[in-house]
Each structure stands twice: as C-alpha cells, then as structure tokens.
Amino acid sequence: MITDKQKNDLVAAARAVQKNAYAPYSHYLVGAALLGDDGVIYTGVNIENASYGLTVCAERTAVFNMINTGTKSFQAIAVCGEGKSSPCGACRQVLVEFAGDVPVYLTSSQGEILETTLHTLLPYHFDSSDLKKGQGTITAED
C-alpha cells in the first residue's frame with residue numbers, strides 16, 4: 001500500500017527531474033520516478049536521439065536506473081509531462097516486467113494527477129508466465 005507521503009514524494013521527484021530531459025527534437029520533456037521495493041526513489045528522463053528509434057523514454061530510464069543498483073521490482077511510478085502523459089506501449093511492457101498491478105500516477109507540470117494502475121494501462125499483458133518451459137522451442141523434428 002502506497003502512503004500519501006510516498007505518492008507525493010514520487011510526483012515531486014518526477015516533476016523535479018523533468019527539466020533534465022534531453023529532448024532537442026520534440027521539446028517534450030518527461031520525468032519519471034518509481035519507488036523501488038528497497039524504499040528508494042529512482043528517477044529517469046526521456047533522452048532523445050536524432051535517430052528517433054534510439055530514443056529512450058523516462059519510464060524505462062527510471063527502471064534501468066533501479067536495475068543498475070540491484071533492485072529488481074518497484075511498488076509505484078509517477079510520470080510527469082507537459083500535458084496528459086501516459087507511458088508508451090514499450091514502456092508499459094518494460095514496467096510490467098518489474099512490477100505487478102502497481103499504482104501509476106500520471107501528472108502534468110500544471111499539477112493535475114490521474115491515478116490508475118499498471119494492469120489497467122496494459123491489460124492482458126505478456127509476461128514470464130507466458131513463457132512455459134519448452135514453449136516456442138524449435139526442435140529437429142520441426
């Protein structure tokens with residue numbers, strides 16, 4: 001269960017790092033903050049590249065920062081953009097790899113907060129339970 005203080009701290013952290021985003025092409029700055037299972041808040045920003053496909057979103061940057069410390073799961077995430085900011089499909093899939101149906105706080109720099117959950121954003125998601133042993137393995141008989 002996420003406390004009001006934890007929620008407020010996550011939202012504040014996402015808003016605080018938003019200004020650090022590297023977005024010279026879209027000028028769309030996004031910050032993200034997640035609460036690791038170790039109690040630490042990990043942040044991330046979007047980092048654009050002239051080769052757009054190499055751009056990394058704020059949510060994935062936050063997850064990668066968390067993984068880099070050895071923590072492998074999180075309890076909640078806040079995302080802050082200029083308007084309605086919601087994780088893209090790729091980010092949703094990465095987030096579900098490291099969390100269950102956790103709270104997601106979508107916030108703008110103007111102060112609005114929409115509360116939802118990860119499984120609401122990505123229903124019927126694909127995860128490790130879909131990878132049964134031997135499933136999808138090609139054998140010599142194939």
# chains A, B, ... in the order shown; residues from 1 in each chain; ligands from 1

call {"tool": "residues_around", "arguments": {"residues": "Ala16 of chain A", "least_positions_apart": "5", "cutoff": "10 Å", "atoms": "only C-alpha atoms", "output": "PyMOL selection string"}}
result
chain A and resi 10-11+31-33+43+80+109

call {"tool": "residues_around", "arguments": {"residues": "segment 86-88 of chain A", "least_positions_apart": "5", "cutoff": "8 Å", "atoms": "only C-alpha atoms", "output": "list in words"}}
result
Glu59, Val79 and Leu106 of chain A

call {"tool": "write_last_selection", "arguments": {"atoms": "C-alpha atoms", "output": "PDB file, in the first residue's frame"}}
result
ATOM      1  CA  GLU A  59       9.901   5.406 -17.561  1.00  0.00           C
ATOM      2  CA  VAL A  79       5.185  10.162 -14.765  1.00  0.00           C
ATOM      3  CA  LEU A 106       0.104  10.391 -14.389  1.00  0.00           C
TER       4      LEU A 106
END

call {"tool": "atom_distance", "arguments": {"atom1": "atom CA of Val56 of chain A", "atom2": "atom CA of Leu118 of chain A"}}
result
19.3 Å

call {"tool": "residues_around", "arguments": {"residues": "Tyr22 of chain A", "least_positions_apart": "3", "cutoff": "10 Å", "atoms": "only C-alpha atoms", "output": "list in words"}}
result
Gln18, Lys19, Tyr25, Ser26, His27, Tyr28, Leu29, Val30, Val45, Asn46, Ile47, Glu48, Asn49, Thr55 and Val56 of chain A

call {"tool": "write_last_selection", "arguments": {"atoms": "C-alpha atoms", "output": "PDB file, in the first residue's frame"}}
result
ATOM      1  CA  GLN A  18      11.504  16.599 -15.833  1.00  0.00           C
ATOM      2  CA  LYS A  19      13.682  19.638 -16.565  1.00  0.00           C
ATOM      3  CA  TYR A  25      13.758  17.416 -31.325  1.00  0.00           C
ATOM      4  CA  SER A  26      10.282  17.097 -29.803  1.00  0.00           C
ATOM      5  CA  HIS A  27      10.805  19.583 -26.955  1.00  0.00           C
ATOM      6  CA  TYR A  28       8.521  17.272 -24.970  1.00  0.00           C
ATOM      7  CA  LEU A  29      10.120  16.866 -21.546  1.00  0.00           C
ATOM      8  CA  VAL A  30       9.125  13.889 -19.406  1.00  0.00           C
ATOM      9  CA  VAL A  45      14.001  11.354 -18.031  1.00  0.00           C
ATOM     10  CA  ASN A  46      13.415  10.920 -21.732  1.00  0.00           C
ATOM     11  CA  ILE A  47      16.612  11.008 -23.780  1.00  0.00           C
ATOM     12  CA  GLU A  48      16.077  11.684 -27.469  1.00  0.00           C
ATOM     13  CA  ASN A  49      18.354  10.857 -30.369  1.00  0.00           C
ATOM     14  CA  THR A  55      15.199   7.485 -28.033  1.00  0.00           C
ATOM     15  CA  VAL A  56      14.675   6.149 -24.506  1.00  0.00           C
TER      16      VAL A  56
END

call {"tool": "select_by_dssp", "arguments": {"residues": "chain A", "states": "alpha helix (DSSP H)", "output": "count of residues only"}}
result
40

call {"tool": "atom_distance", "arguments": {"atom1": "atom CA of Lys7 of chain A", "atom2": "atom CA of Leu34 of chain A"}}
result
9.7 Å

call {"tool": "closest_residue", "arguments": {"among": "A:Ala50, A:Met66, A:Leu121, A:Ala58", "to": "Val17 of chain A", "atoms": "only C-alpha atoms"}}
result
A:Ala58

call {"tool": "atom_distance", "arguments": {"atom1": "atom CA of Arg60 of chain A", "atom2": "atom CA of Lys132 of chain A"}}
result
25.8 Å

call {"tool": "closest_residue", "arguments": {"among": "A:Val94, A:Tyr42, A:Gly89, A:Lys5", "to": "Asn68 of chain A", "atoms": "only C-alpha atoms"}}
result
A:Tyr42

call {"tool": "select_by_dssp", "arguments": {"residues": "segment 12-138 of chain A", "states": "strand (DSSP E or B)", "output": "ChimeraX atom specification"}}
result
/A:22,31-36,41-45,47,56,74-81,103-108,113-117

call {"tool": "write_last_selection", "arguments": {"atoms": "N, CA and C atoms", "output": "compact mmCIF listing (two decimals), in the first residue's frame"}}
result
# COMPACT_ATOMS: atom_id res chain seq x y z
N TYR A 22 16.44 15.30 -22.11
CA TYR A 22 17.16 15.72 -23.31
C TYR A 22 16.20 15.51 -24.48
N GLY A 31 9.53 13.41 -17.09
CA GLY A 31 10.25 12.88 -15.94
C GLY A 31 9.47 11.72 -15.34
N ALA A 32 10.16 10.77 -14.78
CA ALA A 32 9.51 9.63 -14.13
C ALA A 32 10.22 9.32 -12.83
N ALA A 33 9.47 8.82 -11.87
CA ALA A 33 10.04 8.41 -10.59
C ALA A 33 9.31 7.16 -10.13
N LEU A 34 10.06 6.17 -9.72
CA LEU A 34 9.42 4.95 -9.21
C LEU A 34 9.97 4.62 -7.84
N LEU A 35 9.14 3.98 -7.05
CA LEU A 35 9.50 3.58 -5.70
C LEU A 35 9.93 2.12 -5.73
N GLY A 36 11.24 1.90 -5.61
CA GLY A 36 11.76 0.54 -5.62
C GLY A 36 11.32 -0.22 -4.38
N ILE A 41 13.65 5.97 -4.16
CA ILE A 41 13.01 6.53 -5.35
C ILE A 41 14.05 6.64 -6.45
N TYR A 42 13.75 6.02 -7.59
CA TYR A 42 14.62 6.06 -8.76
C TYR A 42 13.96 6.93 -9.82
N THR A 43 14.76 7.80 -10.44
CA THR A 43 14.20 8.72 -11.42
C THR A 43 14.77 8.47 -12.80
N GLY A 44 14.07 9.02 -13.78
CA GLY A 44 14.53 8.93 -15.16
C GLY A 44 13.90 10.04 -15.98
N VAL A 45 14.52 10.35 -17.10
CA VAL A 45 14.00 11.35 -18.03
C VAL A 45 14.08 10.78 -19.44
N ILE A 47 15.34 10.65 -23.15
CA ILE A 47 16.61 11.01 -23.78
C ILE A 47 16.45 10.74 -25.27
N VAL A 56 15.09 6.92 -25.67
CA VAL A 56 14.68 6.15 -24.51
C VAL A 56 13.74 7.02 -23.67
N PHE A 74 9.45 -2.77 -8.28
CA PHE A 74 9.02 -1.50 -7.72
C PHE A 74 7.56 -1.54 -7.31
N GLN A 75 7.16 -0.56 -6.47
CA GLN A 75 5.84 -0.52 -5.86
C GLN A 75 4.88 0.49 -6.48
N ALA A 76 5.41 1.51 -7.16
CA ALA A 76 4.57 2.55 -7.77
C ALA A 76 5.45 3.41 -8.67
N ILE A 77 4.81 4.12 -9.60
CA ILE A 77 5.54 5.01 -10.50
C ILE A 77 4.72 6.27 -10.75
N ALA A 78 5.42 7.39 -10.89
CA ALA A 78 4.80 8.66 -11.29
C ALA A 78 5.48 9.12 -12.57
N VAL A 79 4.69 9.65 -13.49
CA VAL A 79 5.19 10.16 -14.77
C VAL A 79 4.69 11.59 -14.91
N CYS A 80 5.60 12.50 -15.27
CA CYS A 80 5.24 13.91 -15.41
C CYS A 80 5.62 14.43 -16.79
N GLY A 81 4.64 14.97 -17.49
CA GLY A 81 4.86 15.60 -18.79
C GLY A 81 4.16 16.95 -18.82
N PRO A 103 0.28 1.05 -8.46
CA PRO A 103 -0.27 2.36 -8.78
C PRO A 103 0.60 3.11 -9.79
N VAL A 104 -0.06 3.82 -10.70
CA VAL A 104 0.60 4.68 -11.68
C VAL A 104 -0.03 6.06 -11.53
N TYR A 105 0.82 7.06 -11.29
CA TYR A 105 0.35 8.43 -11.14
C TYR A 105 0.79 9.22 -12.36
N LEU A 106 -0.17 9.62 -13.18
CA LEU A 106 0.10 10.39 -14.39
C LEU A 106 -0.15 11.85 -14.05
N THR A 107 0.90 12.65 -14.13
CA THR A 107 0.79 14.03 -13.68
C THR A 107 1.35 14.99 -14.71
N SER A 108 0.88 16.20 -14.65
CA SER A 108 1.40 17.24 -15.52
C SER A 108 2.16 18.25 -14.67
N ILE A 113 -3.29 15.27 -11.43
CA ILE A 113 -2.83 13.90 -11.21
C ILE A 113 -3.96 12.94 -11.54
N LEU A 114 -3.68 12.00 -12.42
CA LEU A 114 -4.61 10.92 -12.74
C LEU A 114 -4.03 9.65 -12.14
N GLU A 115 -4.80 8.98 -11.29
CA GLU A 115 -4.34 7.74 -10.68
C GLU A 115 -4.94 6.56 -11.42
N THR A 116 -4.09 5.61 -11.76
CA THR A 116 -4.54 4.38 -12.41
C THR A 116 -3.63 3.25 -11.93
N THR A 117 -3.67 2.12 -12.61
CA THR A 117 -2.79 1.01 -12.25
C THR A 117 -2.10 0.50 -13.51

call {"tool": "closest_residue", "arguments": {"among": "A:Met1, A:Leu131, A:Ala21, A:Val40", "to": "Lys72 of chain A", "atoms": "only C-alpha atoms"}}
result
A:Val40
